[in-house]
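Visitor: Following this line is work_23.cif, made up of mmCIF, C-alpha atoms and all ligand atoms:
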data_input
loop_
_atom_site.label_atom_id
_atom_site.label_comp_id
_atom_site.auth_asym_id
_atom_site.auth_seq_id
_atom_site.Cartn_x
_atom_site.Cartn_y
_atom_site.Cartn_z
CA MET A 1 222.07 3.62 179.18
CA SER A 2 221.32 0.44 177.21
CA MET A 3 220.53 0.63 173.54
CA PRO A 4 219.49 -2.10 171.16
CA ALA A 5 222.26 -3.31 168.86
CA GLN A 6 222.25 -1.18 165.71
CA LYS A 7 224.42 -1.05 162.64
CA LEU A 8 226.63 1.95 163.18
CA ASP A 9 226.99 2.44 159.45
CA ASP A 10 223.35 3.58 159.47
CA PRO A 11 223.80 7.37 159.17
CA ILE A 12 220.53 8.10 160.95
CA GLU A 13 221.54 5.98 163.93
CA VAL A 14 224.97 7.64 164.02
CA GLU A 15 223.28 11.05 163.92
CA ALA A 16 220.81 10.05 166.67
CA ARG A 17 223.67 9.02 168.93
CA ARG A 18 225.56 12.24 168.19
CA LEU A 19 222.44 14.22 169.13
CA LEU A 20 221.94 12.23 172.31
CA LEU A 21 225.50 12.91 173.45
CA SER A 22 224.90 16.64 172.95
CA LEU A 23 221.43 16.80 174.48
CA MET A 24 221.40 14.23 177.28
CA TYR A 25 221.95 16.81 180.04
CA VAL A 26 219.05 19.04 179.01
CA ASP A 27 216.49 18.37 181.69
CA CYS A 28 213.33 19.72 180.15
CA SER A 29 210.93 17.91 182.50
CA ALA A 30 210.75 15.14 185.07
CA ASP A 31 210.80 12.75 182.13
CA ARG A 32 213.84 13.77 180.20
CA LYS A 33 212.79 15.02 176.78
CA TRP A 34 215.93 13.87 175.05
CA ASN A 35 216.52 10.14 174.90
CA ILE A 36 217.59 7.86 172.05
CA ALA A 37 214.01 7.55 170.77
CA THR A 38 213.41 11.32 170.54
CA CYS A 39 216.85 11.82 169.02
CA ARG A 40 216.06 9.20 166.37
CA GLU A 41 212.90 11.15 165.51
CA ILE A 42 214.80 14.34 164.67
CA ALA A 43 217.96 12.75 163.22
CA PRO A 44 216.71 12.61 159.57
CA LEU A 45 215.91 16.33 159.70
CA THR A 46 219.21 17.42 161.29
CA LEU A 47 221.12 15.25 158.80
CA GLU A 48 219.30 16.88 155.87
CA ILE A 49 219.80 20.41 157.25
CA ASN A 50 223.52 19.76 157.70
CA ARG A 51 223.71 18.42 154.12
CA LEU A 52 221.93 21.50 152.76
CA LYS A 53 224.33 23.68 154.71
CA ARG A 54 227.32 22.18 152.94
CA GLU A 55 225.60 22.28 149.55
CA LYS A 56 224.74 25.97 149.87
CA ASN A 57 227.90 27.10 151.68
CA ALA A 58 225.65 28.28 154.50
CA VAL A 59 226.38 29.02 158.11
CA ILE A 60 223.73 28.61 160.82
CA LEU A 61 223.95 31.06 163.71
CA THR A 62 221.97 30.08 166.80
CA HIS A 63 221.15 32.45 169.62
CA SER A 64 221.57 31.04 173.15
CA TYR A 65 217.82 31.43 173.73
CA VAL A 66 216.67 28.99 171.00
CA GLU A 67 215.89 25.32 171.63
CA PRO A 68 218.91 23.09 172.37
CA GLU A 69 218.14 20.65 169.55
CA ILE A 70 218.68 23.57 167.16
CA ILE A 71 221.85 24.80 168.86
CA TYR A 72 223.49 21.39 169.14
CA GLY A 73 221.79 19.71 166.19
CA VAL A 74 222.52 22.13 163.35
CA GLY A 75 224.14 25.33 164.73
CA ASP A 76 227.64 26.32 163.66
CA PHE A 77 227.96 29.07 166.26
CA LYS A 78 226.04 29.79 169.44
CA GLY A 79 225.99 32.93 171.53
CA ASP A 80 224.51 36.39 171.84
CA SER A 81 223.60 38.57 168.88
CA TYR A 82 226.81 40.59 168.85
CA TYR A 83 229.05 37.51 168.94
CA LEU A 84 226.99 35.82 166.22
CA SER A 85 227.15 38.82 163.89
CA GLU A 86 230.91 38.87 164.27
CA LYS A 87 231.00 35.16 163.40
CA ALA A 88 228.78 35.77 160.37
CA LYS A 89 231.26 38.33 159.08
CA GLU A 90 234.24 36.02 159.57
CA ALA A 91 232.53 32.96 158.04
CA LYS A 92 232.33 34.43 154.51
CA ALA A 93 229.38 32.14 153.77
CA ASP A 94 227.06 32.60 150.78
CA VAL A 95 224.04 32.10 153.03
CA ILE A 96 223.64 33.09 156.69
CA LEU A 97 220.68 31.47 158.41
CA PHE A 98 220.10 33.38 161.64
CA VAL A 99 218.11 31.44 164.22
CA GLY A 100 217.09 34.05 166.74
CA VAL A 101 214.86 37.06 166.10
CA VAL A 102 214.62 39.36 163.09
CA PHE A 103 216.63 42.34 164.39
CA MET A 104 219.61 40.01 164.92
CA ALA A 105 219.41 38.83 161.32
CA GLU A 106 219.29 42.47 160.24
CA THR A 107 222.51 43.11 162.18
CA ALA A 108 224.12 40.18 160.36
CA LYS A 109 222.98 41.67 157.02
CA ILE A 110 224.35 45.10 157.97
CA LEU A 111 227.75 43.54 158.69
CA SER A 112 227.72 41.00 155.83
CA PRO A 113 225.89 42.71 152.95
CA GLY A 114 227.17 40.26 150.34
CA ALA A 115 225.55 37.22 151.95
CA GLN A 116 221.96 36.14 151.62
CA VAL A 117 220.63 36.37 155.20
CA VAL A 118 217.54 34.31 155.98
CA VAL A 119 215.34 33.74 159.02
CA PRO A 120 213.21 30.67 159.76
CA ASP A 121 210.16 32.74 160.81
CA ARG A 122 209.59 36.37 159.85
CA GLY A 123 207.18 36.69 162.79
CA SER A 124 210.05 36.31 165.27
CA GLY A 125 210.06 39.93 166.35
CA CYS A 126 211.10 41.35 169.71
CA SER A 127 209.09 43.50 172.14
CA LEU A 128 212.15 45.67 172.69
CA ALA A 129 213.36 46.19 169.12
CA ASP A 130 209.83 46.65 167.80
CA SER A 131 208.88 49.26 170.41
CA ILE A 132 210.25 52.17 168.36
CA THR A 133 210.60 53.11 164.69
CA GLY A 134 213.17 55.21 162.86
CA GLU A 135 210.53 57.93 162.57
CA ASP A 136 210.07 57.91 166.37
CA VAL A 137 213.83 58.39 166.81
CA ARG A 138 213.81 61.31 164.36
CA ARG A 139 211.04 62.94 166.42
CA LEU A 140 213.02 62.49 169.65
CA LYS A 141 216.17 63.88 168.02
CA ALA A 142 214.23 67.00 167.06
CA LEU A 143 213.20 67.41 170.71
CA TYR A 144 216.74 66.89 172.04
CA PRO A 145 219.10 68.13 169.30
CA ASP A 146 222.10 68.32 171.65
CA ALA A 147 221.83 64.66 172.75
CA ALA A 148 224.01 61.80 171.58
CA VAL A 149 221.71 59.05 170.33
CA VAL A 150 222.74 55.68 171.75
CA CYS A 151 220.90 52.54 170.67
CA TYR A 152 221.08 49.17 172.33
CA ILE A 153 222.03 46.44 169.84
CA ASN A 154 218.50 45.01 170.34
CA SER A 155 217.10 47.49 167.82
CA THR A 156 216.01 47.43 164.20
CA ALA A 157 218.24 48.48 161.30
CA GLU A 158 216.24 51.68 160.82
CA VAL A 159 216.72 52.67 164.48
CA LYS A 160 220.46 51.96 164.22
CA ALA A 161 220.57 54.12 161.09
CA GLU A 162 219.21 57.08 163.11
CA SER A 163 221.62 56.57 166.03
CA ASP A 164 225.15 57.87 166.69
CA VAL A 165 226.45 54.73 168.34
CA CYS A 166 225.29 51.23 169.16
CA VAL A 167 226.00 49.50 172.50
CA THR A 168 225.76 45.99 173.91
CA SER A 169 224.94 45.08 177.49
CA SER A 170 228.70 44.50 177.97
CA ASN A 171 229.98 47.88 176.78
CA VAL A 172 227.04 50.21 177.52
CA TYR A 173 228.60 51.81 180.63
CA ASP A 174 232.01 52.41 179.04
CA ILE A 175 230.54 53.90 175.87
CA VAL A 176 227.99 56.15 177.58
CA ILE A 177 230.63 57.42 180.02
CA GLY A 178 233.14 58.00 177.22
CA LEU A 179 230.83 60.09 175.03
CA PRO A 180 231.52 63.86 175.29
CA GLU A 181 227.80 64.75 175.29
CA LYS A 182 226.20 65.38 178.68
CA ARG A 183 222.76 64.44 177.40
CA ILE A 184 222.13 60.92 176.08
CA LEU A 185 219.05 59.77 174.21
CA PHE A 186 218.97 56.05 174.92
CA VAL A 187 216.73 53.71 172.84
CA PRO A 188 214.87 51.39 172.96
CA ASP A 189 215.27 49.87 176.46
CA ARG A 190 213.80 51.94 179.30
CA LEU A 191 214.95 49.49 181.99
CA MET A 192 218.52 49.34 180.72
CA ALA A 193 218.49 53.15 180.65
CA ASP A 194 217.35 53.10 184.30
CA ASN A 195 220.22 50.76 185.15
CA VAL A 196 222.71 52.99 183.32
CA ARG A 197 221.37 56.11 185.06
CA LYS A 198 221.78 54.41 188.43
CA GLU A 199 225.29 53.16 187.69
CA LEU A 200 226.42 56.60 186.53
CA ALA A 201 225.02 58.13 189.73
CA ASN A 202 226.88 55.48 191.78
CA ARG A 203 230.09 56.44 190.00
CA GLY A 204 229.45 60.16 190.50
CA ILE A 205 229.20 60.85 186.76
CA GLU A 206 226.79 63.59 185.72
CA LYS A 207 224.86 62.83 182.56
CA GLU A 208 221.22 63.13 181.68
CA ILE A 209 219.79 59.90 180.27
CA ILE A 210 216.54 60.26 178.33
CA SER A 211 214.97 57.01 177.19
CA SER A 212 212.18 55.70 175.04
CA ASP A 213 209.71 53.24 176.54
CA GLY A 214 210.62 49.77 175.27
CA THR A 215 210.99 46.73 177.51
CA CYS A 216 211.83 43.08 177.06
CA VAL A 217 208.76 40.96 177.83
CA VAL A 218 211.00 38.31 179.36
CA HIS A 219 213.26 40.36 181.62
CA GLU A 220 210.74 42.95 182.84
CA GLU A 221 208.76 40.23 184.62
CA PHE A 222 211.35 39.26 187.24
CA THR A 223 210.72 40.68 190.71
CA PRO A 224 212.61 41.30 193.96
CA ALA A 225 210.09 38.98 195.72
CA GLN A 226 211.25 36.13 193.49
CA ILE A 227 214.83 36.72 194.62
CA ASP A 228 213.84 36.88 198.30
CA GLU A 229 211.93 33.60 198.00
CA ALA A 230 214.86 31.89 196.27
CA ARG A 231 217.33 33.09 198.91
CA ALA A 232 215.03 31.82 201.71
CA ALA A 233 214.51 28.41 200.10
CA PHE A 234 218.04 27.84 198.75
CA PRO A 235 220.71 29.23 201.10
CA GLY A 236 223.87 30.19 199.22
CA VAL A 237 222.04 30.61 195.89
CA LYS A 238 223.71 33.01 193.44
CA VAL A 239 221.30 35.29 191.61
CA VAL A 240 222.37 36.07 188.06
CA ALA A 241 220.50 38.76 186.10
CA HIS A 242 220.59 40.62 182.79
CA PRO A 243 220.65 44.44 182.52
CA GLU A 244 217.26 44.31 180.75
CA CYS A 245 215.78 43.52 184.22
CA THR A 246 214.39 46.29 186.45
CA PRO A 247 216.86 48.30 188.57
CA GLU A 248 215.23 46.78 191.71
CA VAL A 249 216.12 43.28 190.49
CA ALA A 250 219.55 44.41 189.27
CA GLU A 251 220.28 45.86 192.72
CA LEU A 252 219.59 42.53 194.46
CA ALA A 253 221.44 40.27 191.99
CA ASP A 254 224.87 38.82 192.79
CA PHE A 255 225.88 39.30 189.18
CA LEU A 256 224.52 41.51 186.42
CA GLY A 257 225.78 41.07 182.87
CA SER A 258 225.22 40.20 179.25
CA THR A 259 224.29 36.69 178.11
CA SER A 260 227.92 35.72 177.54
CA ALA A 261 229.04 37.37 180.79
CA MET A 262 226.36 35.44 182.71
CA MET A 263 227.64 32.19 181.21
CA LYS A 264 231.23 33.01 182.14
CA TYR A 265 230.15 33.92 185.67
CA VAL A 266 228.33 30.61 186.24
CA LYS A 267 231.16 28.56 184.76
CA SER A 268 233.82 30.32 186.84
CA THR A 269 232.04 30.35 190.23
CA ASP A 270 231.25 27.63 192.69
CA ALA A 271 227.81 27.94 194.29
CA PRO A 272 225.30 25.30 195.47
CA TYR A 273 222.52 26.80 193.33
CA TYR A 274 221.95 29.44 190.66
CA LEU A 275 218.82 31.47 190.00
CA MET A 276 219.05 32.69 186.40
CA LEU A 277 216.85 35.75 185.80
CA THR A 278 216.88 35.52 182.04
CA GLU A 279 215.53 33.49 179.14
CA CYS A 280 215.30 29.72 179.74
CA GLY A 281 217.37 28.90 176.66
CA LEU A 282 220.48 30.10 178.45
CA VAL A 283 219.76 27.72 181.33
CA SER A 284 219.33 24.82 178.88
CA ARG A 285 222.69 25.73 177.33
CA LEU A 286 224.37 25.80 180.73
CA GLU A 287 222.80 22.46 181.69
CA VAL A 288 224.52 20.93 178.67
CA GLU A 289 227.85 22.74 179.00
CA ASP A 290 228.18 22.66 182.79
CA PRO A 291 226.06 19.70 184.00
CA GLU A 292 227.48 19.81 187.54
CA LYS A 293 225.71 23.10 188.29
CA ASN A 294 222.24 23.25 189.90
CA PHE A 295 219.70 25.69 188.47
CA ILE A 296 216.58 26.31 190.51
CA GLY A 297 214.22 27.50 187.79
CA GLY A 298 212.78 30.97 187.66
CA CYS A 299 213.77 31.61 184.05
CA ARG A 300 211.17 32.65 181.44
CA LEU A 301 210.63 31.69 177.80
CA CYS A 302 210.85 34.28 175.02
CA PRO A 303 207.79 33.67 172.83
CA PHE A 304 209.56 35.11 169.77
CA MET A 305 212.64 32.89 170.03
CA LYS A 306 210.41 29.84 170.38
CA LEU A 307 208.90 30.42 166.93
CA ASN A 308 212.03 28.82 165.48
CA SER A 309 212.02 25.09 164.76
CA LEU A 310 214.11 22.52 162.90
CA GLN A 311 211.40 22.18 160.23
CA LYS A 312 211.33 25.94 159.57
CA ILE A 313 215.14 25.99 159.42
CA HIS A 314 215.05 23.21 156.85
CA ASP A 315 212.44 25.02 154.74
CA ALA A 316 214.26 28.37 154.91
CA LEU A 317 217.50 26.73 153.81
CA SER A 318 216.09 24.57 151.03
CA ASP A 319 213.71 27.12 149.49
CA PRO A 320 213.64 30.51 151.25
CA GLN A 321 210.46 32.51 150.68
CA PRO A 322 210.71 36.27 150.02
CA ASP A 323 209.54 37.11 153.55
CA GLN A 324 212.33 34.95 155.00
CA ILE A 325 215.07 36.86 153.17
CA ILE A 326 216.39 39.98 154.91
CA THR A 327 216.73 43.00 152.64
CA ILE A 328 217.91 46.46 153.73
CA ASP A 329 218.08 49.60 151.60
CA GLU A 330 221.79 50.30 150.93
CA ASP A 331 221.80 53.88 152.21
CA LEU A 332 220.07 52.79 155.41
CA ARG A 333 222.45 49.83 155.75
CA GLN A 334 225.49 52.09 155.49
CA ARG A 335 224.16 54.46 158.13
CA ALA A 336 223.36 51.53 160.44
CA ALA A 337 226.84 50.09 159.78
CA HIS A 338 228.37 53.44 160.77
CA CYS A 339 226.55 53.27 164.12
CA ILE A 340 227.97 49.77 164.74
CA ASP A 341 231.46 50.77 163.54
CA ARG A 342 231.42 53.64 166.04
CA MET A 343 230.84 51.04 168.77
CA PHE A 344 233.93 49.11 167.62
CA GLU A 345 235.95 52.36 167.72
CA LEU A 346 234.79 53.30 171.23
CA ALA A 347 234.89 49.80 172.72
CA PRO A 348 237.14 47.67 170.51
CA SER A 349 237.08 44.61 172.79
CA ASN A 350 233.30 44.78 173.38
S1 LIG B 1 214.30 37.87 175.18
FE1 LIG B 1 213.46 39.95 175.17
S2 LIG B 1 215.03 41.19 174.11
FE2 LIG B 1 215.44 39.02 173.62
S3 LIG B 1 214.29 38.64 171.73
FE3 LIG B 1 212.91 38.04 173.40
S4 LIG B 1 211.69 39.90 173.76
FE4 LIG B 1 213.48 40.54 172.58
#
Once more with this new file: its structure as structure tokens, please.
Ligand code: SF4
Guide:
Amino acid sequence: MSMPAQKLDDPIEVEARRLLLSLMYVDCSADRKWNIATCREIAPLTLEINRLKREKNAVILTHSYVEPEIIYGVGDFKGDSYYLSEKAKEAKADVILFVGVVFMAETAKILSPGAQVVVPDRGSGCSLADSITGEDVRRLKALYPDAAVVCYINSTAEVKAESDVCVTSSNVYDIVIGLPEKRILFVPDRLMADNVRKELANRGIEKEIISSDGTCVVHEEFTPAQIDEARAAFPGVKVVAHPECTPEVAELADFLGSTSAMMKYVKSTDAPYYLMLTECGLVSRLEVEDPEKNFIGGCRLCPFMKLNSLQKIHDALSDPQPDQIITIDEDLRQRAAHCIDRMFELAPSN
């Protein structure tokens, strides 16, 4: 790649070249989106965000589903919501800027109450987390008083506060199996509950799983037909899916696991092609971190994650507006923290 001679003591040029090295493998279109010209365009903003970060003793947590220029341009940590919340706790920063969706920032606030937790866009909700309120959970508990209430980590703080234990897509089977209750009230993901019900039946474990009706707008859309078409067109393709997909899709996948488990699977296997049935941000991350692998499309964008941008991150860091700052009533926070602590007790290694 030839570049015009530039003074390397120009901080913007140095930043542009750093960005290019991080982003050059992200193939967003036939014409690669990231080249030295596009990196030069965003370099002043990433430089300023990184300066503000130092000035404010802030840490920027970036979910794997957000745009790569955010992850590699200004992120301190990248991963799924559970991993990021753990990192937030360890970082002991004064400010945590969570680039993902609002329920994830709430989880960071539950675990790090002393920090100011901010989000770039308060509208970055989640079809799953926002499908049920704390009041809805109280109503369900009244209907099933003998049930253990298990909430998926993709839930709001008020839903966590009403639940007995939180789970991730990595530890859901172990925790549900380990609970003494025979009846489980699982919120908010109906499709994950279906997958758990099926897995328990496969293992010969008798439990009744009652679920609420939430779904992820990204993962519910994948179909068995899509898998059949990919297998016909790309012999040897490995199909990698998330447990938020339907049980029919889960059944046909070569691997089913959490965001971080999917990444580990791709990095540790050798296949000619991969069909990733998840959010496209994960594919962009893998394209950067494992450029030898071939991904054949099929992923879908999360409209909520895509509300984040470098400009909004800059604005939230330099002058956060009240609606960008996460606040949680202390009693509610403590009850939600108890639900997460119970998860650590039952599945210490996640
Ligand atoms: S991908 Fe699905 S579960 Fe994740 S934030 Fe988007 S809507 Fe919510």
Visitor: What are the closest atom pairs, with distances in Å to one decimal, for each residue of chain A lying within 8 Å of ligand LIG 1 (chain B), using all atoms listed in the file, rows by chain and rising residue number, as a Markdown table?
Guide:
| residue | atom | partner | partner_atom | distance |
| --- | --- | --- | --- | --- |
| A:Tyr65 | CA | B:LIG1 | S1 | 7.5 |
| A:Gly100 | CA | B:LIG1 | S3 | 7.3 |
| A:Val101 | CA | B:LIG1 | S3 | 5.9 |
| A:Gly125 | CA | B:LIG1 | S3 | 7.0 |
| A:Cys126 | CA | B:LIG1 | FE4 | 3.8 |
| A:Ser127 | CA | B:LIG1 | S4 | 4.7 |
| A:Leu128 | CA | B:LIG1 | FE4 | 5.3 |
| A:Ala129 | CA | B:LIG1 | FE4 | 6.6 |
| A:Asn154 | CA | B:LIG1 | S2 | 6.4 |
| A:Thr215 | CA | B:LIG1 | FE1 | 7.6 |
| A:Cys216 | CA | B:LIG1 | FE1 | 4.0 |
| A:Val217 | CA | B:LIG1 | S4 | 5.1 |
| A:Val218 | CA | B:LIG1 | FE1 | 5.1 |
| A:His219 | CA | B:LIG1 | FE1 | 6.5 |
| A:Glu244 | CA | B:LIG1 | S2 | 7.7 |
| A:Thr278 | CA | B:LIG1 | S1 | 7.7 |
| A:Glu279 | CA | B:LIG1 | S1 | 6.0 |
| A:Leu301 | CA | B:LIG1 | S1 | 7.7 |
| A:Cys302 | CA | B:LIG1 | FE3 | 4.6 |
| A:Pro303 | CA | B:LIG1 | FE3 | 6.8 |
| A:Phe304 | CA | B:LIG1 | FE3 | 5.7 |
| A:Met305 | CA | B:LIG1 | FE3 | 6.2 |
Visitor: List every residue of region 277-339 of chain A that has an atom at most 12 Å from any atom of region 31-46 of chain A, and for each one report the closest atom pair and its distance in Å to one decimal, counting all atoms listed in the file, with rows sorted by chain and then by increasing residue number, as JSON lines.
Guide:
{"residue": "A:Ser284", "atom": "CA", "partner": "A:Lys33", "partner_atom": "CA", "distance": 12.0}
{"residue": "A:Val288", "atom": "CA", "partner": "A:Trp34", "partner_atom": "CA", "distance": 11.7}
{"residue": "A:Ser309", "atom": "CA", "partner": "A:Leu45", "partner_atom": "CA", "distance": 10.8}
{"residue": "A:Leu310", "atom": "CA", "partner": "A:Leu45", "partner_atom": "CA", "distance": 7.2}
{"residue": "A:Gln311", "atom": "CA", "partner": "A:Leu45", "partner_atom": "CA", "distance": 7.4}
{"residue": "A:Lys312", "atom": "CA", "partner": "A:Leu45", "partner_atom": "CA", "distance": 10.6}
{"residue": "A:Ile313", "atom": "CA", "partner": "A:Thr46", "partner_atom": "CA", "distance": 9.7}
{"residue": "A:His314", "atom": "CA", "partner": "A:Leu45", "partner_atom": "CA", "distance": 7.5}
{"residue": "A:Asp315", "atom": "CA", "partner": "A:Leu45", "partner_atom": "CA", "distance": 10.6}
{"residue": "A:Ser318", "atom": "CA", "partner": "A:Leu45", "partner_atom": "CA", "distance": 12.0}
Visitor: Of the residues A:Ser212, A:Gln226, A:Ser260, A:Thr62, which is the one nearest to Lys87 (chain A), using all atoms listed in the file?
Guide: A:Thr62
Visitor: Please return, as a PyMOL selection string, all polymer residues that have at least one atom within 12 Å of the point (225.4, 33.9, 183.7); use all atoms listed in the file and the file's own coordinate frame.
Guide: chain A and resi 64+238-243+253-269+274-287+290+293+295+299
Visitor: For the residues selected in the previous step, produce a file with C-alpha atoms as a compact mmCIF listing (two decimals), keeping the file's coordinate frame.
Guide:
# COMPACT_ATOMS: atom_id res chain seq x y z
CA SER A 64 221.57 31.04 173.15
CA LYS A 238 223.71 33.01 193.44
CA VAL A 239 221.30 35.29 191.61
CA VAL A 240 222.37 36.07 188.06
CA ALA A 241 220.50 38.76 186.10
CA HIS A 242 220.59 40.62 182.79
CA PRO A 243 220.65 44.44 182.52
CA ALA A 253 221.44 40.27 191.99
CA ASP A 254 224.87 38.82 192.79
CA PHE A 255 225.88 39.30 189.18
CA LEU A 256 224.52 41.51 186.42
CA GLY A 257 225.78 41.07 182.87
CA SER A 258 225.22 40.20 179.25
CA THR A 259 224.29 36.69 178.11
CA SER A 260 227.92 35.72 177.54
CA ALA A 261 229.04 37.37 180.79
CA MET A 262 226.36 35.44 182.71
CA MET A 263 227.64 32.19 181.21
CA LYS A 264 231.23 33.01 182.14
CA TYR A 265 230.15 33.92 185.67
CA VAL A 266 228.33 30.61 186.24
CA LYS A 267 231.16 28.56 184.76
CA SER A 268 233.82 30.32 186.84
CA THR A 269 232.04 30.35 190.23
CA TYR A 274 221.95 29.44 190.66
CA LEU A 275 218.82 31.47 190.00
CA MET A 276 219.05 32.69 186.40
CA LEU A 277 216.85 35.75 185.80
CA THR A 278 216.88 35.52 182.04
CA GLU A 279 215.53 33.49 179.14
CA CYS A 280 215.30 29.72 179.74
CA GLY A 281 217.37 28.90 176.66
CA LEU A 282 220.48 30.10 178.45
CA VAL A 283 219.76 27.72 181.33
CA SER A 284 219.33 24.82 178.88
CA ARG A 285 222.69 25.73 177.33
CA LEU A 286 224.37 25.80 180.73
CA GLU A 287 222.80 22.46 181.69
CA ASP A 290 228.18 22.66 182.79
CA LYS A 293 225.71 23.10 188.29
CA PHE A 295 219.70 25.69 188.47
CA CYS A 299 213.77 31.61 184.05
Visitor: Between A:Leu332, A:Pro120, A:Met343, A:Glu86, which residue has the minimum interatomic distance to Gly134 (chain A), considering all atoms listed in the file?
Guide: A:Leu332
Visitor: What does the structure give for the distance between CA of Lys141 (chain A) and CA of His338 (chain A), in Å to one decimal?
Guide: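 Separation of CA of Lys141 (chain A) and CA of His338 (chain A): 17.6 Å.
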Visitor: Under the rule that only C-alpha atoms are counted, which of A:Glu199, A:Glu229, A:Asp189, A:Glu162 is the nearest residue to Leu140 (chain A)?
Guide: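 For Leu140 (chain A), the nearest of the candidates is A:Glu162.
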Visitor: One decimal, in Å: what's the spacing between CA of Val119 (chain A) and CA of Glu106 (chain A)?
Guide: 9.7 Å
Visitor: For each of A:Asp228, A:Met104, A:Ala115, A:Lys198, take the minimum atom-to-atom distance to Tyr152 (chain A), counting all atoms listed in the file, then give the residue where this is smallest.
Guide: A:Met104
Visitor: In Å to one decimal, how far is CA of Leu47 (chain A) from CA of Val74 (chain A)?
Guide: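 Taking CA of Val74 (chain A) and CA of Leu47 (chain A), their separation equals 8.4 Å.
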Visitor: Can you find the residues with an atom no farther than 10 Å from (224.4, 25.5, 166.8), counting all atoms listed in the file, and report them as number ranges by chain?
Guide: A: 59-64, 66-79, 99
Visitor: Give the answer as one residue: which of A:Asp213, A:Asp121, A:Asp10, A:Glu289 has the shortest atom-to-atom distance to Tyr25 (chain A), using only C-alpha atoms?
Guide: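 Under the stated criterion, the closest residue is A:Glu289.
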Visitor: So which one's closest to Gly214 (chain A), A:Cys166, A:Leu52, A:Cys151, A:Ala93? Using all atoms listed in the file, please.
Guide: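 Of A:Cys166, A:Leu52, A:Cys151, A:Ala93, the one nearest Gly214 (chain A) is A:Cys151, counting all atoms listed in the file.
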